[in-house]
>>> print(open('upload.cif').read())   # mmCIF, C-alpha atoms
data_model
#
loop_
_atom_site.label_atom_id
_atom_site.label_comp_id
_atom_site.auth_asym_id
_atom_site.auth_seq_id
_atom_site.Cartn_x
_atom_site.Cartn_y
_atom_site.Cartn_z
CA MET W 22 96.80 -30.59 194.90
CA LYS W 23 98.32 -28.49 192.13
CA GLN W 24 99.06 -25.87 194.78
CA LEU W 25 101.97 -28.00 195.99
CA VAL W 26 103.81 -28.00 192.66
CA GLY W 27 106.87 -25.78 192.31
CA THR W 28 108.73 -23.77 194.93
CA GLY W 29 107.43 -23.45 198.45
CA VAL W 30 109.52 -21.54 200.98
CA ALA W 31 109.78 -22.18 204.72
CA LEU W 32 109.50 -18.64 206.04
CA VAL W 33 111.70 -17.31 208.82
CA THR W 34 110.31 -15.49 211.84
CA PRO W 35 112.15 -12.15 212.03
CA PHE W 36 113.02 -10.77 215.45
CA LYS W 37 113.85 -7.32 216.75
CA GLU W 38 116.87 -6.70 219.00
CA ASP W 39 114.74 -7.54 222.04
CA PHE W 40 113.74 -10.85 220.35
CA SER W 41 110.12 -9.81 219.93
CA ILE W 42 108.57 -10.61 216.56
CA ASP W 43 109.25 -8.03 213.86
CA THR W 44 105.92 -8.06 212.02
CA ALA W 45 106.94 -5.29 209.60
CA ALA W 46 109.98 -7.31 208.52
CA LEU W 47 107.87 -10.44 208.16
CA ALA W 48 105.45 -8.61 205.87
CA ARG W 49 108.41 -7.36 203.79
CA ILE W 50 109.70 -10.91 203.40
CA VAL W 51 106.27 -12.19 202.32
CA ASN W 52 106.04 -9.49 199.65
CA TYR W 53 109.62 -10.16 198.54
CA CYS W 54 108.85 -13.87 198.08
CA VAL W 55 105.57 -13.23 196.26
CA ASP W 56 107.22 -10.70 193.95
CA GLY W 57 110.11 -13.12 193.41
CA GLY W 58 107.84 -15.76 191.94
CA VAL W 59 107.62 -18.51 194.55
CA ASP W 60 104.55 -20.74 194.39
CA TYR W 61 103.50 -21.15 198.03
CA LEU W 62 104.50 -20.16 201.56
CA VAL W 63 105.11 -22.49 204.52
CA VAL W 64 104.36 -20.93 207.91
CA LEU W 65 105.75 -21.97 211.32
CA GLY W 66 108.12 -24.65 210.13
CA THR W 67 111.54 -25.41 211.58
CA THR W 68 113.05 -22.44 209.74
CA GLY W 69 110.44 -20.24 211.42
CA GLU W 70 111.84 -21.25 214.84
CA SER W 71 108.35 -22.39 215.76
CA VAL W 72 109.56 -24.38 218.78
CA THR W 73 110.69 -21.12 220.43
CA LEU W 74 107.36 -19.33 219.91
CA ASN W 75 104.48 -19.36 222.38
CA LYS W 76 100.87 -19.72 221.28
CA ALA W 77 100.21 -15.98 221.07
CA GLU W 78 103.35 -15.45 219.00
CA LYS W 79 102.40 -18.24 216.62
CA LEU W 80 98.99 -16.63 216.10
CA LEU W 81 100.71 -13.28 215.47
CA VAL W 82 102.99 -14.83 212.85
CA MET W 83 100.05 -16.53 211.14
CA ASP W 84 97.95 -13.36 211.15
CA THR W 85 100.82 -11.22 209.83
CA ILE W 86 101.52 -13.60 206.95
CA VAL W 87 97.85 -14.02 206.05
CA LYS W 88 97.39 -10.25 205.89
CA ALA W 89 100.60 -9.59 203.95
CA ASN W 90 99.91 -12.43 201.50
CA ALA W 91 96.35 -11.19 200.91
CA GLY W 92 95.32 -14.39 199.17
CA ARG W 93 98.03 -14.22 196.52
CA LEU W 94 99.73 -17.55 197.25
CA PRO W 95 98.63 -20.80 198.91
CA LEU W 96 99.70 -21.12 202.54
CA VAL W 97 100.79 -24.28 204.38
CA LEU W 98 100.94 -24.40 208.18
CA GLY W 99 103.40 -26.42 210.21
CA ILE W 100 101.76 -28.40 213.03
CA GLY W 101 103.93 -31.11 214.55
CA GLY W 102 105.44 -32.58 217.67
CA ASN W 103 106.26 -35.77 219.47
CA SER W 104 103.04 -36.14 221.46
CA THR W 105 100.49 -37.68 219.12
CA TYR W 106 97.59 -36.72 221.38
CA ARG W 107 98.61 -33.06 221.49
CA VAL W 108 99.35 -32.80 217.77
CA ALA W 109 96.09 -34.54 216.88
CA HIS W 110 94.21 -32.06 219.07
CA GLU W 111 95.87 -29.12 217.28
CA VAL W 112 95.25 -30.64 213.86
CA GLN W 113 91.60 -31.33 214.66
CA ALA W 114 91.08 -27.76 215.88
CA PHE W 115 92.68 -26.14 212.87
CA GLN W 116 90.29 -25.25 210.06
CA SER W 117 91.27 -21.79 208.79
CA ASP W 118 90.20 -21.05 205.22
CA ASP W 119 93.44 -19.12 204.77
CA PHE W 120 95.55 -22.29 204.68
CA ALA W 121 95.54 -24.98 202.00
CA ALA W 122 97.29 -27.76 203.94
CA ILE W 123 99.17 -28.82 207.06
CA LEU W 124 102.84 -29.85 207.12
CA SER W 125 103.51 -32.27 209.97
CA VAL W 126 106.91 -33.59 210.97
CA SER W 127 107.52 -37.20 211.95
CA PRO W 128 107.76 -37.41 215.78
CA TYR W 129 111.17 -36.41 217.06
CA TYR W 130 113.23 -37.58 220.05
CA ASN W 131 110.93 -40.51 220.92
CA LYS W 132 112.42 -42.50 217.99
CA PRO W 133 109.26 -44.50 217.18
CA THR W 134 109.26 -47.64 215.07
CA GLN W 135 107.83 -47.56 211.56
CA GLU W 136 104.54 -48.83 212.99
CA GLY W 137 104.61 -46.03 215.56
CA ILE W 138 105.14 -43.45 212.81
CA TYR W 139 102.27 -44.97 210.84
CA GLN W 140 99.92 -44.90 213.83
CA HIS W 141 100.90 -41.30 214.61
CA PHE W 142 99.93 -40.06 211.16
CA LYS W 143 96.87 -42.31 211.10
CA SER W 144 95.68 -40.49 214.21
CA LEU W 145 96.24 -37.11 212.53
CA SER W 146 94.56 -38.16 209.30
CA GLU W 147 91.43 -39.33 211.11
CA VAL W 148 90.79 -35.90 212.65
CA ALA W 149 92.29 -33.46 210.12
CA LYS W 150 90.07 -31.01 208.30
CA LYS W 151 92.93 -30.06 205.96
CA PRO W 152 95.15 -32.14 203.67
CA ILE W 153 98.36 -33.33 205.35
CA ILE W 154 101.92 -33.23 203.99
CA LEU W 155 104.22 -35.64 205.82
CA TYR W 156 107.66 -34.32 206.75
CA ASN W 157 110.63 -36.66 207.02
CA VAL W 158 113.83 -35.08 208.35
CA PRO W 159 115.92 -37.78 210.10
CA GLY W 160 118.74 -35.37 210.88
CA ARG W 161 116.41 -33.52 213.26
CA THR W 162 113.99 -36.22 214.42
CA GLY W 163 116.41 -39.07 215.09
CA SER W 164 114.37 -41.55 213.04
CA ASN W 165 113.82 -42.13 209.33
CA MET W 166 110.35 -42.59 207.84
CA LEU W 167 111.00 -45.34 205.30
CA PRO W 168 109.48 -45.35 201.80
CA SER W 169 107.34 -48.37 202.71
CA THR W 170 105.74 -46.40 205.56
CA VAL W 171 105.22 -43.31 203.37
CA LEU W 172 103.59 -45.36 200.62
CA ARG W 173 101.42 -47.22 203.12
CA LEU W 174 100.14 -43.92 204.55
CA ALA W 175 99.58 -42.48 201.08
CA LYS W 176 97.59 -45.54 200.05
CA ASP W 177 95.49 -45.79 203.21
CA PHE W 178 94.56 -42.11 203.73
CA ASP W 179 93.28 -39.87 200.94
CA ASN W 180 93.96 -36.70 202.91
CA ILE W 181 97.68 -37.48 203.18
CA VAL W 182 98.65 -35.80 199.92
CA GLY W 183 102.43 -35.56 199.90
CA ILE W 184 105.74 -35.72 201.70
CA LYS W 185 108.48 -33.20 202.30
CA GLU W 186 111.40 -35.59 202.03
CA ALA W 187 114.54 -34.27 203.70
CA SER W 188 116.55 -37.41 204.25
CA GLY W 189 119.00 -36.30 201.57
CA ASP W 190 118.93 -39.87 200.23
CA MET W 191 118.03 -39.83 196.54
CA ASP W 192 117.55 -43.61 196.50
CA GLN W 193 114.83 -43.10 199.12
CA VAL W 194 113.30 -40.25 197.10
CA LYS W 195 113.23 -42.40 193.96
CA ALA W 196 111.69 -45.34 195.84
CA ILE W 197 108.77 -43.15 196.94
CA ILE W 198 108.34 -41.64 193.47
CA ASN W 199 108.42 -45.06 191.81
CA GLY W 200 105.83 -46.50 194.21
CA LYS W 201 103.40 -43.63 194.61
CA ALA W 202 100.09 -42.79 192.95
CA ASP W 203 100.09 -39.97 190.40
CA ASP W 204 98.37 -37.51 192.74
CA PHE W 205 100.81 -37.92 195.66
CA HIS W 206 103.45 -35.17 195.85
CA VAL W 207 107.10 -35.87 196.61
CA ILE W 208 108.59 -32.54 197.67
CA SER W 209 112.27 -32.06 198.30
CA GLY W 210 113.10 -30.82 201.79
CA ASP W 211 116.75 -30.17 200.91
CA ASP W 212 117.82 -27.28 198.71
CA ALA W 213 120.78 -29.28 197.45
CA THR W 214 118.59 -32.14 196.15
CA ALA W 215 115.67 -30.01 194.98
CA LEU W 216 116.49 -29.95 191.28
CA GLU W 217 117.46 -33.63 191.19
CA THR W 218 114.18 -34.52 192.93
CA VAL W 219 112.20 -32.59 190.32
CA LEU W 220 114.13 -34.15 187.45
CA VAL W 221 113.29 -37.70 188.65
CA GLY W 222 109.58 -36.94 189.00
CA GLY W 223 109.13 -34.93 192.19
CA SER W 224 106.69 -32.03 192.50
CA GLY W 225 109.12 -29.38 193.72
CA VAL W 226 110.66 -28.19 196.96
CA ILE W 227 110.02 -26.53 200.28
CA SER W 228 113.14 -24.40 200.32
CA VAL W 229 115.16 -22.30 202.72
CA ILE W 230 117.40 -20.39 200.32
CA GLY W 231 114.44 -19.94 197.97
CA GLN W 232 113.11 -17.15 200.18
CA GLY W 233 116.44 -15.33 200.04
CA LEU W 234 116.85 -15.59 196.27
CA PRO W 235 113.28 -16.34 195.16
CA ALA W 236 113.54 -15.31 191.52
CA GLU W 237 116.57 -17.45 190.75
CA PHE W 238 115.60 -20.47 192.83
CA SER W 239 111.98 -20.65 191.67
CA GLN W 240 113.10 -20.26 188.06
CA MET W 241 115.48 -23.20 188.52
CA ILE W 242 112.60 -25.36 189.74
CA ARG W 243 110.29 -24.21 186.93
CA LEU W 244 112.93 -25.13 184.36
CA GLY W 245 113.39 -28.52 186.02
CA LEU W 246 109.67 -29.23 185.98
CA LYS W 247 109.62 -28.43 182.26
CA GLY W 248 112.55 -30.79 181.65
CA GLU W 249 114.91 -27.98 180.64
CA LYS W 250 117.77 -29.62 182.46
CA GLU W 251 120.75 -27.70 181.08
CA GLU W 252 119.36 -24.27 181.89
CA ALA W 253 118.23 -25.46 185.31
CA LEU W 254 121.69 -26.84 186.07
CA LYS W 255 123.27 -23.49 185.20
CA LEU W 256 121.13 -21.83 187.86
CA GLN W 257 121.90 -24.60 190.32
CA ASP W 258 125.60 -24.00 189.79
CA ARG W 259 125.12 -20.30 190.61
CA LEU W 260 123.16 -21.13 193.77
CA ALA W 261 125.20 -24.11 195.00
CA LEU W 262 127.66 -22.21 197.18
CA GLY W 263 124.82 -20.36 198.91
CA MET W 264 123.01 -23.61 199.62
CA ASP W 265 126.09 -24.80 201.50
CA LEU W 266 126.85 -21.52 203.25
CA ILE W 267 123.42 -20.98 204.80
CA PHE W 268 123.60 -24.33 206.60
CA GLU W 269 127.25 -24.06 207.63
CA GLU W 270 126.34 -22.85 211.13
CA GLY W 271 122.76 -24.07 211.25
CA ASN W 272 119.36 -23.01 210.06
CA PRO W 273 117.97 -20.30 210.15
CA ALA W 274 121.12 -18.39 211.14
CA GLY W 275 122.38 -18.56 207.55
CA ILE W 276 119.23 -17.50 205.76
CA LYS W 277 118.72 -14.67 208.25
CA SER W 278 122.22 -13.50 207.35
CA ILE W 279 121.06 -13.30 203.72
CA PHE W 280 118.06 -11.24 204.81
CA GLU W 281 120.37 -8.96 206.80
CA THR W 282 122.43 -8.42 203.63
CA LEU W 283 119.20 -7.72 201.71
CA GLU W 284 118.14 -5.32 204.52
CA LEU W 285 114.83 -7.15 204.93
CA CYS W 286 115.28 -8.19 208.56
CA SER W 287 117.88 -8.54 211.28
CA ALA W 288 119.96 -11.67 211.73
CA GLU W 289 118.61 -12.23 215.25
CA VAL W 290 117.69 -15.79 216.24
CA ARG W 291 116.43 -17.08 219.57
CA LEU W 292 118.53 -19.19 221.90
CA PRO W 293 119.69 -21.88 221.86
CA LEU W 294 120.50 -20.73 218.32
CA VAL W 295 122.95 -17.88 217.78
CA GLN W 296 123.64 -15.58 214.84
CA ALA W 297 126.09 -16.58 212.14
CA THR W 298 129.66 -15.61 212.94
CA PRO W 299 131.12 -12.47 211.32
CA ALA W 300 133.30 -14.68 209.11
CA LEU W 301 130.30 -16.60 207.76
CA LYS W 302 128.26 -13.41 207.34
CA SER W 303 131.09 -12.01 205.23
CA LYS W 304 131.09 -15.10 203.00
CA ILE W 305 127.31 -14.99 202.67
CA LYS W 306 127.39 -11.31 201.72
CA ALA W 307 130.05 -12.00 199.09
CA PHE W 308 127.81 -14.73 197.67
CA VAL W 309 124.61 -12.65 197.64
CA MET W 310 125.85 -9.30 196.34
CA PRO W 311 126.53 -10.38 192.73
CA PHE W 312 122.86 -11.38 192.46
CA LEU W 313 121.92 -7.83 193.42
CA ASN W 314 124.67 -6.10 191.45
CA PRO W 315 126.49 -8.02 188.67
CA ASN W 316 129.39 -5.55 188.93
CA TYR W 317 129.90 -6.14 192.65
CA VAL W 318 132.98 -8.36 192.33
CA MET W 319 134.54 -6.07 189.73
CA GLU W 320 133.94 -3.02 191.89
CA THR W 321 135.49 -4.78 194.90
CA VAL W 322 138.61 -5.66 192.91
CA GLU W 323 138.93 -2.11 191.57
CA ALA W 324 138.55 -0.68 195.08
CA GLU W 325 141.47 -2.77 196.25
#
>>> encode(input="upload.cif", output="structure tokens")
Amino acid sequence: MKQLVGTGVALVTPFKEDFSIDTAALARIVNYCVDGGVDYLVVLGTTGESVTLNKAEKLLVMDTIVKANAGRLPLVLGIGGNSTYRVAHEVQAFQSDDFAAILSVSPYYNKPTQEGIYQHFKSLSEVAKKPIILYNVPGRTGSNMLPSTVLRLAKDFDNIVGIKEASGDMDQVKAIINGKADDFHVISGDDATALETVLVGGSGVISVIGQGLPAEFSQMIRLGLKGEKEEALKLQDRLALGMDLIFEEGNPAGIKSIFETLELCSAEVRLPLVQATPALKSKIKAFVMPFLNPNYVMETVEAE
């Protein structure tokens, strides 16, 4: 699937002050990402606070993004959970022509064995009407999907087409890349390892900060895919502080602080998450503003 090459972004779900979904802000963010040059959009992932949304709200988010995108970029939908039966039912029922693939996280909390993880995704593969991207994020799920399990799934099921690998372990990333077939996509799930993943043979990234600074981040990935390492590393150096800052107090509090600075949406998140502290928001604003106005730092110094 060539649609999974490059920069995908895991879209936030903007909220109003009363914590209802801000559809106008969501449409603005979609347009901002499209105009910024990202390659595809990921809907209802972790960054979208999907676990706090009810069914009607999820449908509203999907409908808003589909309409705002208007067919311009491929869409990937997050469908996951720790009840295989329930997730398989959702996967089987989903067949919208508006979405190119499903992103499904390895079961969390239950802490299954590698065989349990394999059987979970086998169950999804057998009923899915869309290609499946595996999602490994041990820091959230409590268990690590090992390269041997990933490669076994990729070999056994043609509709399992890639993995969003967010273990942060480059040895693990390289093991999957070295053992995979040419048409299986290894996609970084960590902004900090995105460029390195591309440079060792990965297909790209599903990014968080990429939606906040889409032009710069997607250009970094494009340069990496073309092997233009030096230029890509220069962009990574510019973005590195932001990659750290947006996760300092959890995701998506940090990226929503960027959007607040950009005046695209509020920084509201739903409990049990809380907004970034004023101190972190100040640091994030200081990081973002030079991208919007190269004279920002100079003007600040002069004002003092």
>>> closest_residue(input="upload.cif", among="W:Ala307, W:Val290, W:Leu313, W:Ala187", to="Gly160 (chain W)", atoms="only C-alpha atoms")
W:Ala187
>>> residues_around(input="upload.cif", residues="Val295 (chain W)", least_positions_apart="3", cutoff="12 Å", atoms="only C-alpha atoms", output="list in words")
Phe40, Glu70, Glu270, Gly271, Asn272, Pro273, Ala274, Gly275, Lys277, Ser278, Ala288, Glu289, Val290, Arg291, Leu292, Thr298 and Pro299 of chain W
>>> residues_around(input="upload.cif", residues="Lys150 (chain W)", least_positions_apart="2", cutoff="7 Å", atoms="all atoms listed in the file", output="MDAnalysis selection string")
chainID W and resid 113 116 148 152
>>> closest_residue(input="upload.cif", among="W:Ala121, W:Ala202, W:Ile42, W:Leu32", to="Asn75 (chain W)", atoms="all atoms listed in the file")
W:Ile42
>>> closest_residue(input="upload.cif", among="W:Lys255, W:Glu186, W:Asn316, W:Glu147", to="Val226 (chain W)", atoms="only C-alpha atoms")
W:Glu186
>>> resolve_selection(input="upload.cif", expression="the PyMOL selection byres ((chain W and resi 94-101) around 10)", output="PyMOL selection string")
chain W and resi 24-25+29-31+51+54-55+58-67+69+71-72+83+86-87+90-93+102-105+107-109+111-112+115+118-129+145+151-156
>>> closest_residue(input="upload.cif", among="W:Lys132, W:Arg259, W:Lys23, W:Arg243", to="Met166 (chain W)", atoms="all atoms listed in the file")
W:Lys132
>>> resolve_selection(input="upload.cif", expression="the PyMOL selection byres ((chain W and resi 183) around 7)", output="PyMOL selection string")
chain W and resi 154-155+181-182+184-185+205-207
>>> write_last_selection(input="upload.cif", atoms="C-alpha atoms", output="PDB file, keeping the file's coordinate frame")
ATOM      1  CA  ILE W 154     101.920 -33.230 203.990  1.00  0.00           C
ATOM      2  CA  LEU W 155     104.220 -35.640 205.820  1.00  0.00           C
ATOM      3  CA  ILE W 181      97.680 -37.480 203.180  1.00  0.00           C
ATOM      4  CA  VAL W 182      98.650 -35.800 199.920  1.00  0.00           C
ATOM      5  CA  ILE W 184     105.740 -35.720 201.700  1.00  0.00           C
ATOM      6  CA  LYS W 185     108.480 -33.200 202.300  1.00  0.00           C
ATOM      7  CA  PHE W 205     100.810 -37.920 195.660  1.00  0.00           C
ATOM      8  CA  HIS W 206     103.450 -35.170 195.850  1.00  0.00           C
ATOM      9  CA  VAL W 207     107.100 -35.870 196.610  1.00  0.00           C
TER      10      VAL W 207
END
>>> closest_residue(input="upload.cif", among="W:Val171, W:Leu216, W:Thr73, W:Pro159", to="Gly189 (chain W)", atoms="all atoms listed in the file")
W:Pro159
>>> atom_distance(input="upload.cif", atom1="CA of Ala89 (chain W)", atom2="CA of Ala48 (chain W)")
5.3 Å
>>> residues_near_point(input="upload.cif", point="(107.0, -8.8, 207.2)", cutoff="9 Å", atoms="all atoms listed in the file", output="PyMOL selection string")
chain W and resi 34-35+43-52+85-86+89+285-286
>>> atom_distance(input="upload.cif", atom1="CA of Leu262 (chain W)", atom2="CA of Asn165 (chain W)")
27.1 Å
>>> atom_distance(input="upload.cif", atom1="CA of Leu246 (chain W)", atom2="CA of Ile208 (chain W)")
12.2 Å
>>> build_atoms(input="upload.cif", residues="region 235-248 of chain W", atoms="N, CA and C atoms", output="PDB file, in the frame of the given file")
ATOM      1  N   PRO W 235     114.477 -15.692 195.705  1.00  0.00           N
ATOM      2  CA  PRO W 235     113.280 -16.340 195.160  1.00  0.00           C
ATOM      3  C   PRO W 235     113.221 -16.382 193.651  1.00  0.00           C
ATOM      4  N   ALA W 236     113.644 -15.338 192.985  1.00  0.00           N
ATOM      5  CA  ALA W 236     113.540 -15.310 191.520  1.00  0.00           C
ATOM      6  C   ALA W 236     114.398 -16.395 190.899  1.00  0.00           C
ATOM      7  N   GLU W 237     115.648 -16.487 191.339  1.00  0.00           N
ATOM      8  CA  GLU W 237     116.570 -17.450 190.750  1.00  0.00           C
ATOM      9  C   GLU W 237     116.212 -18.887 191.126  1.00  0.00           C
ATOM     10  N   PHE W 238     115.875 -19.099 192.386  1.00  0.00           N
ATOM     11  CA  PHE W 238     115.600 -20.470 192.830  1.00  0.00           C
ATOM     12  C   PHE W 238     114.299 -20.988 192.218  1.00  0.00           C
ATOM     13  N   SER W 239     113.256 -20.182 192.225  1.00  0.00           N
ATOM     14  CA  SER W 239     111.980 -20.650 191.670  1.00  0.00           C
ATOM     15  C   SER W 239     112.082 -20.848 190.167  1.00  0.00           C
ATOM     16  N   GLN W 240     112.897 -20.049 189.502  1.00  0.00           N
ATOM     17  CA  GLN W 240     113.100 -20.260 188.060  1.00  0.00           C
ATOM     18  C   GLN W 240     113.817 -21.575 187.808  1.00  0.00           C
ATOM     19  N   MET W 241     114.791 -21.920 188.650  1.00  0.00           N
ATOM     20  CA  MET W 241     115.480 -23.200 188.520  1.00  0.00           C
ATOM     21  C   MET W 241     114.493 -24.359 188.610  1.00  0.00           C
ATOM     22  N   ILE W 242     113.587 -24.287 189.569  1.00  0.00           N
ATOM     23  CA  ILE W 242     112.600 -25.360 189.740  1.00  0.00           C
ATOM     24  C   ILE W 242     111.630 -25.392 188.569  1.00  0.00           C
ATOM     25  N   ARG W 243     111.191 -24.243 188.093  1.00  0.00           N
ATOM     26  CA  ARG W 243     110.290 -24.210 186.930  1.00  0.00           C
ATOM     27  C   ARG W 243     110.949 -24.854 185.713  1.00  0.00           C
ATOM     28  N   LEU W 244     112.206 -24.534 185.495  1.00  0.00           N
ATOM     29  CA  LEU W 244     112.930 -25.130 184.360  1.00  0.00           C
ATOM     30  C   LEU W 244     113.032 -26.647 184.535  1.00  0.00           C
ATOM     31  N   GLY W 245     113.307 -27.088 185.760  1.00  0.00           N
ATOM     32  CA  GLY W 245     113.390 -28.520 186.020  1.00  0.00           C
ATOM     33  C   GLY W 245     112.085 -29.234 185.771  1.00  0.00           C
ATOM     34  N   LEU W 246     110.985 -28.623 186.187  1.00  0.00           N
ATOM     35  CA  LEU W 246     109.670 -29.230 185.980  1.00  0.00           C
ATOM     36  C   LEU W 246     109.324 -29.323 184.491  1.00  0.00           C
ATOM     37  N   LYS W 247     109.870 -28.404 183.707  1.00  0.00           N
ATOM     38  CA  LYS W 247     109.620 -28.430 182.260  1.00  0.00           C
ATOM     39  C   LYS W 247     110.628 -29.322 181.521  1.00  0.00           C
ATOM     40  N   GLY W 248     111.559 -29.906 182.271  1.00  0.00           N
ATOM     41  CA  GLY W 248     112.550 -30.790 181.650  1.00  0.00           C
ATOM     42  C   GLY W 248     113.694 -30.060 180.983  1.00  0.00           C
TER      43      GLY W 248
END
